[in-house]
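**Student:** Can you read through this structure? Questions will come right after.
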Amino acid sequence: MKTIQLSVLLLAAGLSCFAQQWEIGGIGGGSFLPGNSVTSPLGAATAGFQSGAAFGAFVGQNLNPHISGEVRYEFLQSNLRLQSGGTEATFSGMAHQFHYDVLFHTNRKESRTQYFAAVGGGVKLFRGTGQEAAYQPLSQFGYFTKTQELKPMASIGGGIKYALTAKIVLRTEFRDFITPFPKNLIAPAPGAKFGGLLHDFVPMVGIDYIY
């Protein structure tokens with residue numbers, strides 16, 4: 001009798017997992033970083049990254065009618081930048097980020113339109129890919145380096161999902177990816193101080209496939 005009960009419980013658990021919907025998709029948009037203030041005895045500047053393209057992919061699972069989880073990856077084209085007055089110095093760069101987000105839906109998953117809020121965390125790998133030079137404009141504030149730096153990352157945002165068919169969903173979303181400033185990538189000059197947190201505002205549009 002105990003063997004039968006155990007078999008029934010295992011079968012029920014298996015069916016429950018099988019009944020959960022999974023999603024896979026791609027997403028793209030733009031990355032916009034306001035830059036951080038730089039204070040120095042030699043003046044003021046901003047340090048950060050230029051705006052660029054953003055592309056990504058994700059795998060998600062609907063955990064219950066109002067909550068789902070997603071594993072995500074994004075590639076961001078982010079050139080390094082220092083700016084002061086009318087002078088700007090740049091250096092080629094990019095970033096890779098991996099994170100897990102929990103999505104809270106206002107409607108059940110069967111609804112055609114779903115509004116959602118997202119919160120999660122992961123890591124972001126910043127990379128400087130330009131050619132280092134002996135002289136760099138605005139070096140009194142900071143130096144660009146051809147290196148890479150891994151930082152913890154928080155992810156917050158929200159968006160809308162709209163079902164085009166029973167299997168295809170269009171989504172639009174806005175995210176703020178927050179990390180400590182990568183000071184090995186843009187190294188402060190002696191006496192210069194950079195702001196602590198970097199915000200990366202990323203609007204994106206994507207397609208989900210449900211199976």
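Residues are named by chain letter and number: chains run A, B, ... in the order of the structure tokens, numbers start at 1 in each chain, and ligands are numbered from 1 in the order shown.
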Need the shell around Leu76 in chain A: protein/DNA/RNA residues with any atom at most 8 Å away, counting only C-alpha atoms. Skip same-chain ones fewer than 4 positions apart. Format as a CSV table (one decimal) with C-alpha atoms, in the first residue's frame?
**Tutor:**
chain,number,residue,atom,x,y,z
A,31,SER,CA,21.6,50.7,-23.4
A,52,GLY,CA,24.8,51.4,-27.5
A,53,ALA,CA,22.9,48.3,-28.7
A,54,ALA,CA,21.7,45.6,-26.3
A,55,PHE,CA,20.8,42.0,-27.3
A,94,MET,CA,31.5,45.9,-24.2
A,95,ALA,CA,29.7,44.0,-21.4
A,96,HIS,CA,28.1,40.6,-20.8
**Student:** Kindly assemble as CSV a list of the range 58-104 of chain A residues that lie within 10 Å of range 153-174 of chain A, each paired with its nearest atom pair and their distance in Å to one decimal, using only C-alpha atoms, sorted first by chain and then by ascending residue number.
**Tutor:**
residue,atom,partner,partner_atom,distance
A:Gln97,CA,A:Met153,CA,8.3
A:Phe98,CA,A:Met153,CA,8.8
A:His99,CA,A:Ser155,CA,7.8
A:Tyr100,CA,A:Ser155,CA,8.6
A:Asp101,CA,A:Ser155,CA,7.3
A:Val102,CA,A:Ile156,CA,9.6
A:Leu103,CA,A:Gly158,CA,8.3
A:Phe104,CA,A:Gly158,CA,9.0
**Student:** Would you please extract all strand (DSSP E) residues from range 54-184 of chain A, as assigned by DSSP on the backbone, and give them as a CSV table (one decimal) with N, CA and C atoms, in the first residue's frame?
**Tutor:**
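Wrote out.csv, looks like this:
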chain,number,residue,atom,x,y,z
A,54,ALA,N,21.8,46.7,-27.3
A,54,ALA,CA,21.7,45.6,-26.3
A,54,ALA,C,20.9,44.4,-26.9
A,55,PHE,N,21.5,43.2,-26.8
A,55,PHE,CA,20.8,42.0,-27.3
A,55,PHE,C,20.8,40.9,-26.2
A,56,GLY,N,19.8,40.1,-26.2
A,56,GLY,CA,19.8,39.1,-25.2
A,56,GLY,C,18.9,37.9,-25.5
A,57,ALA,N,19.0,36.9,-24.6
A,57,ALA,CA,18.1,35.7,-24.7
A,57,ALA,C,17.7,35.3,-23.3
A,58,PHE,N,16.7,34.5,-23.2
A,58,PHE,CA,16.2,34.1,-21.9
A,58,PHE,C,15.4,32.8,-22.0
A,59,VAL,N,15.4,32.1,-20.8
A,59,VAL,CA,14.5,30.9,-20.6
A,59,VAL,C,13.7,31.1,-19.4
A,60,GLY,N,12.4,31.0,-19.5
A,60,GLY,CA,11.6,31.3,-18.3
A,60,GLY,C,10.6,30.1,-18.0
A,61,GLN,N,10.1,30.1,-16.8
A,61,GLN,CA,9.2,29.1,-16.3
A,61,GLN,C,8.1,29.8,-15.5
A,62,ASN,N,6.8,29.5,-15.9
A,62,ASN,CA,5.7,30.0,-15.1
A,62,ASN,C,5.5,29.1,-13.8
A,63,LEU,N,5.8,29.7,-12.7
A,63,LEU,CA,5.8,29.0,-11.4
A,63,LEU,C,4.4,28.8,-10.9
A,64,ASN,N,3.6,29.9,-11.1
A,64,ASN,CA,2.1,29.8,-10.7
A,64,ASN,C,1.4,30.9,-11.5
A,67,ILE,N,3.3,34.4,-11.0
A,67,ILE,CA,4.8,34.5,-10.8
A,67,ILE,C,5.5,33.6,-11.8
A,68,SER,N,6.5,34.1,-12.4
A,68,SER,CA,7.4,33.3,-13.2
A,68,SER,C,8.8,33.7,-13.0
A,69,GLY,N,9.7,32.8,-13.4
A,69,GLY,CA,11.2,33.1,-13.2
A,69,GLY,C,11.9,33.0,-14.5
A,70,GLU,N,13.0,33.8,-14.7
A,70,GLU,CA,13.7,33.8,-16.0
A,70,GLU,C,15.2,33.8,-15.7
A,71,VAL,N,15.9,33.0,-16.5
A,71,VAL,CA,17.4,33.0,-16.6
A,71,VAL,C,17.7,33.8,-17.8
A,72,ARG,N,18.5,34.8,-17.7
A,72,ARG,CA,18.8,35.8,-18.8
A,72,ARG,C,20.2,36.0,-19.1
A,73,TYR,N,20.5,36.3,-20.3
A,73,TYR,CA,21.9,36.8,-20.7
A,73,TYR,C,21.7,38.0,-21.7
A,74,GLU,N,22.5,39.0,-21.5
A,74,GLU,CA,22.5,40.2,-22.4
A,74,GLU,C,23.9,40.5,-22.8
A,75,PHE,N,24.1,40.9,-24.0
A,75,PHE,CA,25.3,41.5,-24.5
A,75,PHE,C,25.1,43.0,-24.8
A,76,LEU,N,25.9,43.9,-24.3
A,76,LEU,CA,25.8,45.3,-24.4
A,76,LEU,C,27.0,45.9,-25.0
A,77,GLN,N,26.8,46.7,-26.1
A,77,GLN,CA,27.9,47.5,-26.7
A,77,GLN,C,28.1,48.8,-25.9
A,80,LEU,N,33.7,52.9,-23.3
A,80,LEU,CA,34.1,53.7,-22.1
A,80,LEU,C,34.2,55.2,-22.5
A,81,ARG,N,33.8,56.1,-21.5
A,81,ARG,CA,33.8,57.5,-21.8
A,81,ARG,C,34.2,58.3,-20.6
A,82,LEU,N,35.0,59.4,-20.8
A,82,LEU,CA,35.2,60.4,-19.9
A,82,LEU,C,34.8,61.8,-20.6
A,83,GLN,N,34.2,62.7,-19.9
A,83,GLN,CA,33.7,63.9,-20.5
A,83,GLN,C,33.8,65.0,-19.5
A,84,SER,N,34.3,66.2,-20.0
A,84,SER,CA,34.5,67.4,-19.2
A,84,SER,C,34.4,68.6,-20.1
A,87,THR,N,35.2,68.5,-24.0
A,87,THR,CA,36.1,67.5,-24.4
A,87,THR,C,35.6,66.1,-24.0
A,88,GLU,N,35.7,65.1,-24.8
A,88,GLU,CA,35.3,63.8,-24.6
A,88,GLU,C,36.4,62.8,-25.0
A,89,ALA,N,36.7,61.8,-24.1
A,89,ALA,CA,37.6,60.7,-24.4
A,89,ALA,C,36.9,59.4,-24.4
A,90,THR,N,37.1,58.6,-25.4
A,90,THR,CA,36.4,57.3,-25.5
A,90,THR,C,37.4,56.1,-25.7
A,91,PHE,N,36.9,54.9,-25.4
A,91,PHE,CA,37.7,53.7,-25.5
A,91,PHE,C,36.7,52.6,-25.8
A,93,GLY,N,34.6,49.3,-25.8
A,93,GLY,CA,34.2,48.4,-24.7
A,93,GLY,C,32.9,47.6,-24.9
A,94,MET,N,32.7,46.7,-24.1
A,94,MET,CA,31.5,45.9,-24.2
A,94,MET,C,31.2,45.3,-22.8
A,95,ALA,N,30.0,44.7,-22.7
A,95,ALA,CA,29.7,44.0,-21.4
A,95,ALA,C,28.8,42.8,-21.6
A,96,HIS,N,29.0,41.8,-20.8
A,96,HIS,CA,28.1,40.6,-20.8
A,96,HIS,C,27.5,40.5,-19.4
A,97,GLN,N,26.2,40.2,-19.3
A,97,GLN,CA,25.6,40.0,-18.0
A,97,GLN,C,24.7,38.8,-18.0
A,98,PHE,N,24.7,38.1,-16.8
A,98,PHE,CA,23.9,36.9,-16.6
A,98,PHE,C,23.1,37.2,-15.3
A,99,HIS,N,21.8,36.9,-15.3
A,99,HIS,CA,21.1,37.1,-14.1
A,99,HIS,C,19.8,36.2,-14.1
A,100,TYR,N,19.2,36.1,-12.9
A,100,TYR,CA,17.9,35.5,-12.7
A,100,TYR,C,16.9,36.5,-12.2
A,101,ASP,N,15.8,36.6,-12.8
A,101,ASP,CA,14.7,37.5,-12.4
A,101,ASP,C,13.4,36.8,-12.0
A,102,VAL,N,12.7,37.3,-11.0
A,102,VAL,CA,11.4,36.9,-10.7
A,102,VAL,C,10.4,37.9,-11.3
A,103,LEU,N,9.4,37.5,-12.0
A,103,LEU,CA,8.4,38.3,-12.6
A,103,LEU,C,7.1,38.2,-11.9
A,104,PHE,N,6.5,39.3,-11.6
A,104,PHE,CA,5.2,39.3,-10.9
A,104,PHE,C,4.1,39.8,-11.9
A,105,HIS,N,3.2,39.0,-12.3
A,105,HIS,CA,2.2,39.3,-13.3
A,105,HIS,C,0.9,39.8,-12.6
A,113,THR,N,-3.2,39.9,-22.3
A,113,THR,CA,-2.3,41.0,-21.9
A,113,THR,C,-1.9,40.8,-20.5
A,114,GLN,N,-0.6,40.9,-20.3
A,114,GLN,CA,0.0,40.8,-18.9
A,114,GLN,C,0.9,41.9,-18.6
A,115,TYR,N,0.7,42.7,-17.6
A,115,TYR,CA,1.7,43.6,-17.1
A,115,TYR,C,2.5,43.0,-16.0
A,116,PHE,N,3.8,43.3,-16.0
A,116,PHE,CA,4.7,42.6,-15.0
A,116,PHE,C,5.7,43.5,-14.4
A,117,ALA,N,6.1,43.2,-13.2
A,117,ALA,CA,7.3,43.9,-12.6
A,117,ALA,C,8.3,42.8,-12.4
A,118,ALA,N,9.6,43.2,-12.5
A,118,ALA,CA,10.7,42.2,-12.4
A,118,ALA,C,11.7,42.7,-11.4
A,119,VAL,N,12.3,41.7,-10.7
A,119,VAL,CA,13.4,42.0,-9.8
A,119,VAL,C,14.3,40.8,-9.7
A,120,GLY,N,15.6,41.0,-9.7
A,120,GLY,CA,16.5,39.9,-9.7
A,120,GLY,C,17.9,40.3,-9.5
A,121,GLY,N,18.8,39.4,-9.8
A,121,GLY,CA,20.3,39.8,-9.6
A,121,GLY,C,21.2,38.8,-10.3
A,122,GLY,N,22.4,39.2,-10.5
A,122,GLY,CA,23.4,38.3,-11.1
A,122,GLY,C,24.7,39.0,-11.2
A,123,VAL,N,25.4,38.9,-12.3
A,123,VAL,CA,26.8,39.4,-12.5
A,123,VAL,C,26.9,40.1,-13.8
A,124,LYS,N,27.8,41.1,-13.9
A,124,LYS,CA,28.0,41.8,-15.1
A,124,LYS,C,29.5,41.9,-15.4
A,125,LEU,N,30.0,41.4,-16.5
A,125,LEU,CA,31.4,41.4,-16.9
A,125,LEU,C,31.7,42.6,-17.8
A,126,PHE,N,32.4,43.6,-17.4
A,126,PHE,CA,32.8,44.7,-18.2
A,126,PHE,C,34.1,44.4,-18.8
A,127,ARG,N,34.2,44.8,-20.1
A,127,ARG,CA,35.5,44.6,-20.8
A,127,ARG,C,35.9,45.9,-21.6
A,128,GLY,N,37.1,46.3,-21.4
A,128,GLY,CA,37.7,47.3,-22.2
A,128,GLY,C,38.5,46.7,-23.3
A,142,GLY,N,40.9,60.3,-15.1
A,142,GLY,CA,40.9,58.8,-15.1
A,142,GLY,C,41.6,58.3,-16.3
A,143,TYR,N,41.9,56.9,-16.3
A,143,TYR,CA,42.6,56.2,-17.3
A,143,TYR,C,41.7,55.0,-17.8
A,144,PHE,N,41.7,54.8,-19.1
A,144,PHE,CA,41.1,53.7,-19.7
A,144,PHE,C,42.1,52.5,-19.7
A,148,GLN,N,39.3,43.5,-17.9
A,148,GLN,CA,37.9,43.1,-17.7
A,148,GLN,C,37.7,43.1,-16.2
A,149,GLU,N,36.4,43.3,-15.8
A,149,GLU,CA,36.1,43.4,-14.4
A,149,GLU,C,34.7,42.9,-14.2
A,150,LEU,N,34.6,41.9,-13.2
A,150,LEU,CA,33.3,41.3,-12.9
A,150,LEU,C,32.7,42.0,-11.7
A,151,LYS,N,31.4,42.4,-11.8
A,151,LYS,CA,30.7,43.1,-10.7
A,151,LYS,C,29.4,42.4,-10.4
A,152,PRO,N,28.9,42.4,-9.1
A,152,PRO,CA,27.6,42.0,-8.8
A,152,PRO,C,26.6,43.0,-9.4
A,153,MET,N,25.4,42.5,-9.8
A,153,MET,CA,24.4,43.3,-10.5
A,153,MET,C,23.0,43.1,-9.9
A,154,ALA,N,22.3,44.1,-9.7
A,154,ALA,CA,20.8,44.1,-9.4
A,154,ALA,C,20.0,44.4,-10.6
A,155,SER,N,18.9,43.8,-10.8
A,155,SER,CA,18.1,44.0,-12.0
A,155,SER,C,16.6,44.3,-11.5
A,156,ILE,N,16.1,45.5,-11.9
A,156,ILE,CA,14.7,45.9,-11.6
A,156,ILE,C,14.1,46.5,-12.9
A,157,GLY,N,12.8,46.3,-12.9
A,157,GLY,CA,12.1,46.9,-14.1
A,157,GLY,C,10.7,46.4,-14.2
A,158,GLY,N,10.1,46.5,-15.4
A,158,GLY,CA,8.8,46.0,-15.7
A,158,GLY,C,8.5,46.1,-17.1
A,159,GLY,N,7.3,45.7,-17.5
A,159,GLY,CA,6.9,45.7,-18.9
A,159,GLY,C,5.5,45.1,-19.2
A,160,ILE,N,5.3,44.8,-20.4
A,160,ILE,CA,4.0,44.3,-20.9
A,160,ILE,C,4.2,43.1,-21.8
A,161,LYS,N,3.4,42.1,-21.6
A,161,LYS,CA,3.4,40.9,-22.6
A,161,LYS,C,2.1,40.9,-23.3
A,162,TYR,N,2.1,40.6,-24.6
A,162,TYR,CA,0.9,40.6,-25.3
A,162,TYR,C,0.9,39.3,-26.2
A,163,ALA,N,-0.1,38.4,-26.0
A,163,ALA,CA,-0.1,37.2,-26.8
A,163,ALA,C,-0.5,37.4,-28.2
A,168,ILE,N,3.0,32.4,-29.3
A,168,ILE,CA,3.9,33.5,-29.5
A,168,ILE,C,3.5,34.7,-28.7
A,169,VAL,N,4.4,35.3,-28.0
A,169,VAL,CA,4.1,36.5,-27.1
A,169,VAL,C,5.1,37.6,-27.5
A,170,LEU,N,4.5,38.8,-27.7
A,170,LEU,CA,5.3,40.0,-27.9
A,170,LEU,C,5.5,40.7,-26.5
A,171,ARG,N,6.7,41.1,-26.2
A,171,ARG,CA,7.0,41.8,-24.9
A,171,ARG,C,7.7,43.1,-25.2
A,172,THR,N,7.4,44.1,-24.4
A,172,THR,CA,8.2,45.3,-24.3
A,172,THR,C,8.5,45.5,-22.8
A,173,GLU,N,9.7,46.0,-22.5
A,173,GLU,CA,10.1,46.1,-21.1
A,173,GLU,C,11.2,47.2,-20.9
A,174,PHE,N,11.3,47.6,-19.7
A,174,PHE,CA,12.4,48.6,-19.4
A,174,PHE,C,13.1,48.1,-18.1
A,175,ARG,N,14.4,48.1,-18.2
A,175,ARG,CA,15.2,47.5,-17.0
A,175,ARG,C,16.2,48.6,-16.6
A,176,ASP,N,16.5,48.5,-15.3
A,176,ASP,CA,17.6,49.3,-14.7
A,176,ASP,C,18.6,48.2,-14.1
A,177,PHE,N,19.8,48.1,-14.8
A,177,PHE,CA,20.8,47.2,-14.3
A,177,PHE,C,21.8,48.0,-13.5
A,178,ILE,N,21.9,47.7,-12.2
A,178,ILE,CA,22.7,48.5,-11.2
A,178,ILE,C,23.9,47.7,-10.8
A,179,THR,N,25.1,48.3,-10.9
A,179,THR,CA,26.3,47.7,-10.5
A,179,THR,C,27.2,48.7,-9.8
A,180,PRO,N,28.2,48.2,-9.0
A,180,PRO,CA,29.2,49.2,-8.5
A,180,PRO,C,30.0,49.6,-9.7
**Student:** Need to verify the contact set: Lys193 in chain A, 12 Å, only C-alpha atoms, exclusion of same-chain residues closer than 2 positions in sequence. Can you return it as a VMD selection string?
**Tutor:** chain A and resid 36 to 47 140 to 142 181 183 186 to 191 195 to 196
**Student:** Nearest residue to Pro65 in chain A out of A:Asn79, A:Thr147, A:Ser51, A:Asn107, using only C-alpha atoms?
**Tutor:**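 The answer is A:Asn107, which sits nearest to Pro65 in chain A.
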**Student:** Between CA of Gln131 in chain A and CA of Ser92 in chain A, what is the distance in Å, rounded to a tenth?
**Tutor:**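 Interatomic distance, CA of Gln131 in chain A to CA of Ser92 in chain A: 8.1 Å.
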**Student:** Taking into account only C-alpha atoms, which residue in the set A:Trp22, A:Leu138, A:Ser111, A:Lys146 is nearest to Ala192 in chain A?
**Tutor:**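 Answer, going by the shortest atom-to-atom distance: A:Leu138.
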**Student:** Considering only C-alpha atoms, return as a PyMOL selection string whatever protein or nucleic-acid residues lie within 9 Å of Phe32 in chain A, sequence-local ones (same chain, fewer than 6 positions apart) excluded.
**Tutor:** chain A and resi 49-52+199-203
**Student:** In range 9-105 of chain A, what's helix (DSSP H, G or I) per DSSP? Answer as a PDB file with N, CA and C atoms, in the first residue's frame?
**Tutor:**
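The resulting states.pdb:
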ATOM      1  N   LEU A   9       2.109   9.738  -5.545  1.00  0.00           N
ATOM      2  CA  LEU A   9       2.685  11.050  -5.230  1.00  0.00           C
ATOM      3  C   LEU A   9       3.745  11.458  -6.248  1.00  0.00           C
ATOM      4  N   LEU A  10       4.604  10.528  -6.644  1.00  0.00           N
ATOM      5  CA  LEU A  10       5.634  10.820  -7.628  1.00  0.00           C
ATOM      6  C   LEU A  10       5.029  11.150  -8.988  1.00  0.00           C
ATOM      7  N   LEU A  11       3.977  10.417  -9.361  1.00  0.00           N
ATOM      8  CA  LEU A  11       3.306  10.687 -10.624  1.00  0.00           C
ATOM      9  C   LEU A  11       2.658  12.064 -10.606  1.00  0.00           C
ATOM     10  N   ALA A  12       2.021  12.411  -9.484  1.00  0.00           N
ATOM     11  CA  ALA A  12       1.380  13.727  -9.371  1.00  0.00           C
ATOM     12  C   ALA A  12       2.416  14.844  -9.453  1.00  0.00           C
ATOM     13  N   ALA A  13       3.564  14.650  -8.803  1.00  0.00           N
ATOM     14  CA  ALA A  13       4.621  15.659  -8.858  1.00  0.00           C
ATOM     15  C   ALA A  13       5.152  15.807 -10.270  1.00  0.00           C
ATOM     16  N   GLY A  14       5.308  14.672 -10.972  1.00  0.00           N
ATOM     17  CA  GLY A  14       5.788  14.731 -12.347  1.00  0.00           C
ATOM     18  C   GLY A  14       4.823  15.437 -13.263  1.00  0.00           C
ATOM     19  N   LEU A  15       3.531  15.153 -13.112  1.00  0.00           N
ATOM     20  CA  LEU A  15       2.521  15.821 -13.934  1.00  0.00           C
ATOM     21  C   LEU A  15       2.462  17.309 -13.639  1.00  0.00           C
ATOM     22  N   SER A  16       2.650  17.666 -12.354  1.00  0.00           N
ATOM     23  CA  SER A  16       2.643  19.083 -11.981  1.00  0.00           C
ATOM     24  C   SER A  16       3.782  19.832 -12.664  1.00  0.00           C
ATOM     25  N   CYS A  17       4.980  19.227 -12.699  1.00  0.00           N
ATOM     26  CA  CYS A  17       6.113  19.871 -13.363  1.00  0.00           C
ATOM     27  C   CYS A  17       5.884  19.971 -14.860  1.00  0.00           C
ATOM     28  N   PHE A  18       5.307  18.893 -15.443  1.00  0.00           N
ATOM     29  CA  PHE A  18       5.066  18.881 -16.878  1.00  0.00           C
ATOM     30  C   PHE A  18       4.039  19.929 -17.264  1.00  0.00           C
ATOM     31  N   ALA A  19       3.074  20.207 -16.365  1.00  0.00           N
ATOM     32  CA  ALA A  19       2.005  21.154 -16.672  1.00  0.00           C
ATOM     33  C   ALA A  19       2.489  22.595 -16.662  1.00  0.00           C
TER      34      ALA A  19
END
